[in-house]
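Novice: Can you read through this structure? Questions will come right after.
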Amino acid sequence: MTKLSIRTEGDTVVVVTRRFAASPDDVFRAHTEPALIQQWCLGPDGWTMPQCLCEARAGGTIRYEWSDGQGAGFYLTGEFVVVEPPHRIVHVERMHLPDPTPDNRVETTFTADGAGTLMVMRMTLPDPATREAMLATGMADGMEVSYARLDRRWSA
């Protein structure tokens, strides 16, 4: 059962919502510390992240590289716009599949919610076609597998 919720707004926005059984500080750190990101942000089982650059400060660089261990892979690049620990991150990202996708502006908030955290990720794509193409990739499945892996970190 997925804990991930995805909805659209207007023609270009995707909103991802998920609750975690950890504090906003812990969930924020899991999204900004490279050693932690490499443990959970992997998508389907069998994938790894051999490179993770995450300079969590305004103007800082992002580069994540994923590999399936059999020669296939892709990467993401981006830049941080706003970093407000432990509650808010705004960044711009693009996937390289191998050509770069149009920029995706992502605002992620981490709000205390009972004994855990409510994460809301708001992705703004440049146009409706780009949003539809992103949704058609099945991104929700890969995100939930990764987030479930992150959840297990706190329930172990």
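By convention here, the chains of the structure tokens are called A, B, ... in the order presented, each chain's residues are numbered starting at 1, and ligands are numbered starting at 1 in the order presented.
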Using only C-alpha atoms, which protein or nucleic acid residues come within 12 Å of A:Ala35? Drop anything in the same chain fewer than 2 positions from it, and give the result as a ChimeraX atom specification.

Specialist: /A:29-33,37-41,49-54,64

Novice: Do a neighbour search on A:Thr108 at 8 Å with only C-alpha atoms, toss out local chain neighbours closer than 5 positions, and write the hits as a list in words.

Specialist: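 My reading of the contact set: Arg88, Ile89, Val90, Met119, Val120, Met121 and Arg122 of chain A.
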
Novice: Since we have the selection now, will you write its residues out, keeping N, CA and C atoms, as a compact mmCIF listing (two decimals), in the first residue's frame?

Specialist:
```
# COMPACT_ATOMS: atom_id res chain seq x y z
N ARG A 88 12.16 23.85 4.39
CA ARG A 88 11.84 24.18 2.99
C ARG A 88 13.09 24.11 2.11
N ILE A 89 12.88 23.54 0.92
CA ILE A 89 13.91 23.49 -0.12
C ILE A 89 13.24 23.88 -1.43
N VAL A 90 13.88 24.77 -2.19
CA VAL A 90 13.44 25.08 -3.55
C VAL A 90 14.65 24.83 -4.44
N MET A 119 5.51 15.77 4.23
CA MET A 119 6.31 16.33 3.15
C MET A 119 5.37 16.67 2.00
N VAL A 120 5.47 17.89 1.48
CA VAL A 120 4.71 18.29 0.30
C VAL A 120 5.73 18.78 -0.72
N MET A 121 5.76 18.12 -1.88
CA MET A 121 6.67 18.47 -2.97
C MET A 121 5.82 19.00 -4.12
N ARG A 122 6.05 20.23 -4.47
CA ARG A 122 5.29 20.89 -5.53
C ARG A 122 6.22 21.11 -6.73
```

Novice: May I have the residues within 10 Å of A:Glu9 as a ChimeraX atom specification, using only C-alpha atoms and disregarding those fewer than 3 positions away in the same chain?

Specialist: /A:12-15,122-124

Novice: Taking only C-alpha atoms into account, which of A:Pro128, A:Gly73, A:Pro85, A:Gly46 comes nearest A:Ala58?

Specialist: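 Nearest to A:Ala58: A:Pro85.
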
Novice: Can you pull out the residues contacting A:Asp113? Cut-off 9 Å, using only C-alpha atoms, and skip same-chain residues under 4 positions away; I want them as a VMD selection string.

Specialist: chain A and resid 19 to 20 23 to 24 117 to 118

Novice: Using only C-alpha atoms, which of the listed residues (A:Ala129, A:Val81, A:Met139, A:Ala112) sits closest to A:Ala21?

Specialist: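 Smallest separation from A:Ala21 among the options: A:Ala112.
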
Novice: What is the atom CA of A:Phe110 to atom CA of A:Leu135 distance in Å?

Specialist: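 Separation between atom CA of A:Phe110 and atom CA of A:Leu135: 23.0 Å.
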
Novice: If you run DSSP on the backbone here, which positions in stretch 10-149 of chain A get strand (DSSP E)? Please write them as a ChimeraX atom specification.

Specialist: /A:13-20,48-54,61-67,73-84,88-96,104-113,116-124

Novice: Can you tell me, as a ChimeraX atom specification, what residues are no more than 7 Å from stretch 153-155 of chain A when counting only C-alpha atoms, ignoring any on the same chain fewer than 3 positions away?

Specialist: /A:21-22,149-150

Novice: Let me make sure I understand: among A:Gly138, A:Glu132, A:Val83, A:Thr111, which one has the smallest atom-to-atom distance to A:Asp26 if we use only C-alpha atoms?

Specialist: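 The shortest atom-to-atom distance to A:Asp26 comes from A:Thr111.
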
Novice: I'd like the contact shell of A:Asp103 - 12 Å cut-off, only C-alpha atoms, skipping same-chain residues fewer than 4 positions apart - returned as number ranges by chain.

Specialist: A: 12, 76-79, 91-96, 123-127, 130-131, 134

Novice: Which of chain A counts as helix (DSSP H, G or I) under DSSP, as a ChimeraX atom specification please?

Specialist: /A:24-32,34-40,128-136,139-155

Novice: Once you have the residues from the selection above, write them out as an mmCIF file, in the first residue's frame, restricted to C-alpha atoms.

Specialist:
```cif
data_model
loop_
_atom_site.group_PDB
_atom_site.id
_atom_site.type_symbol
_atom_site.label_atom_id
_atom_site.label_comp_id
_atom_site.auth_asym_id
_atom_site.auth_seq_id
_atom_site.Cartn_x
_atom_site.Cartn_y
_atom_site.Cartn_z
ATOM 1 C CA PRO A 24 11.173 17.426 10.023
ATOM 2 C CA ASP A 25 14.879 17.732 10.856
ATOM 3 C CA ASP A 26 15.490 14.041 10.073
ATOM 4 C CA VAL A 27 13.478 14.108 6.834
ATOM 5 C CA PHE A 28 15.165 17.361 5.740
ATOM 6 C CA ARG A 29 18.624 15.851 6.407
ATOM 7 C CA ALA A 30 17.656 12.745 4.415
ATOM 8 C CA HIS A 31 16.955 15.051 1.446
ATOM 9 C CA THR A 32 20.137 17.129 1.731
ATOM 10 C CA PRO A 34 24.678 12.986 0.199
ATOM 11 C CA ALA A 35 25.551 9.923 2.308
ATOM 12 C CA LEU A 36 21.910 9.614 3.374
ATOM 13 C CA ILE A 37 20.490 10.273 -0.102
ATOM 14 C CA GLN A 38 22.631 7.451 -1.509
ATOM 15 C CA GLN A 39 21.053 5.010 0.964
ATOM 16 C CA TRP A 40 17.409 5.539 0.020
ATOM 17 C CA PRO A 128 1.359 20.662 -20.026
ATOM 18 C CA ALA A 129 3.138 18.298 -22.427
ATOM 19 C CA THR A 130 6.208 18.097 -20.186
ATOM 20 C CA ARG A 131 4.028 17.393 -17.152
ATOM 21 C CA GLU A 132 2.140 14.635 -18.967
ATOM 22 C CA ALA A 133 5.396 13.076 -20.191
ATOM 23 C CA MET A 134 6.754 13.059 -16.639
ATOM 24 C CA LEU A 135 3.596 11.476 -15.217
ATOM 25 C CA ALA A 136 3.635 8.842 -17.980
ATOM 26 C CA MET A 139 7.530 8.266 -11.505
ATOM 27 C CA ALA A 140 5.185 7.658 -8.556
ATOM 28 C CA ASP A 141 6.183 3.987 -8.336
ATOM 29 C CA GLY A 142 9.907 4.770 -8.199
ATOM 30 C CA MET A 143 9.335 7.560 -5.700
ATOM 31 C CA GLU A 144 7.283 5.362 -3.368
ATOM 32 C CA VAL A 145 9.853 2.530 -3.479
ATOM 33 C CA SER A 146 12.530 5.052 -2.485
ATOM 34 C CA TYR A 147 10.398 6.687 0.210
ATOM 35 C CA ALA A 148 9.431 3.282 1.669
ATOM 36 C CA ARG A 149 13.165 2.518 1.880
ATOM 37 C CA LEU A 150 13.639 5.831 3.731
ATOM 38 C CA ASP A 151 10.745 5.010 6.092
ATOM 39 C CA ARG A 152 12.386 1.681 6.997
ATOM 40 C CA ARG A 153 15.411 3.664 8.200
ATOM 41 C CA TRP A 154 13.319 5.049 11.063
ATOM 42 C CA SER A 155 11.319 1.927 11.830
#
```

Novice: Choose the residue, out of A:Thr137, A:Tyr75, A:Thr48, A:Thr109, that has the smallest atom-to-atom separation from A:Thr17; count only C-alpha atoms.

Specialist: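 Under the stated criterion, the closest residue is A:Thr109.
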
Novice: Would you compute the distance between atom CA of A:Pro102 and atom CA of A:Ile6? Give it in Å to one decimal.

Specialist: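 So the answer is 20.4 Å.
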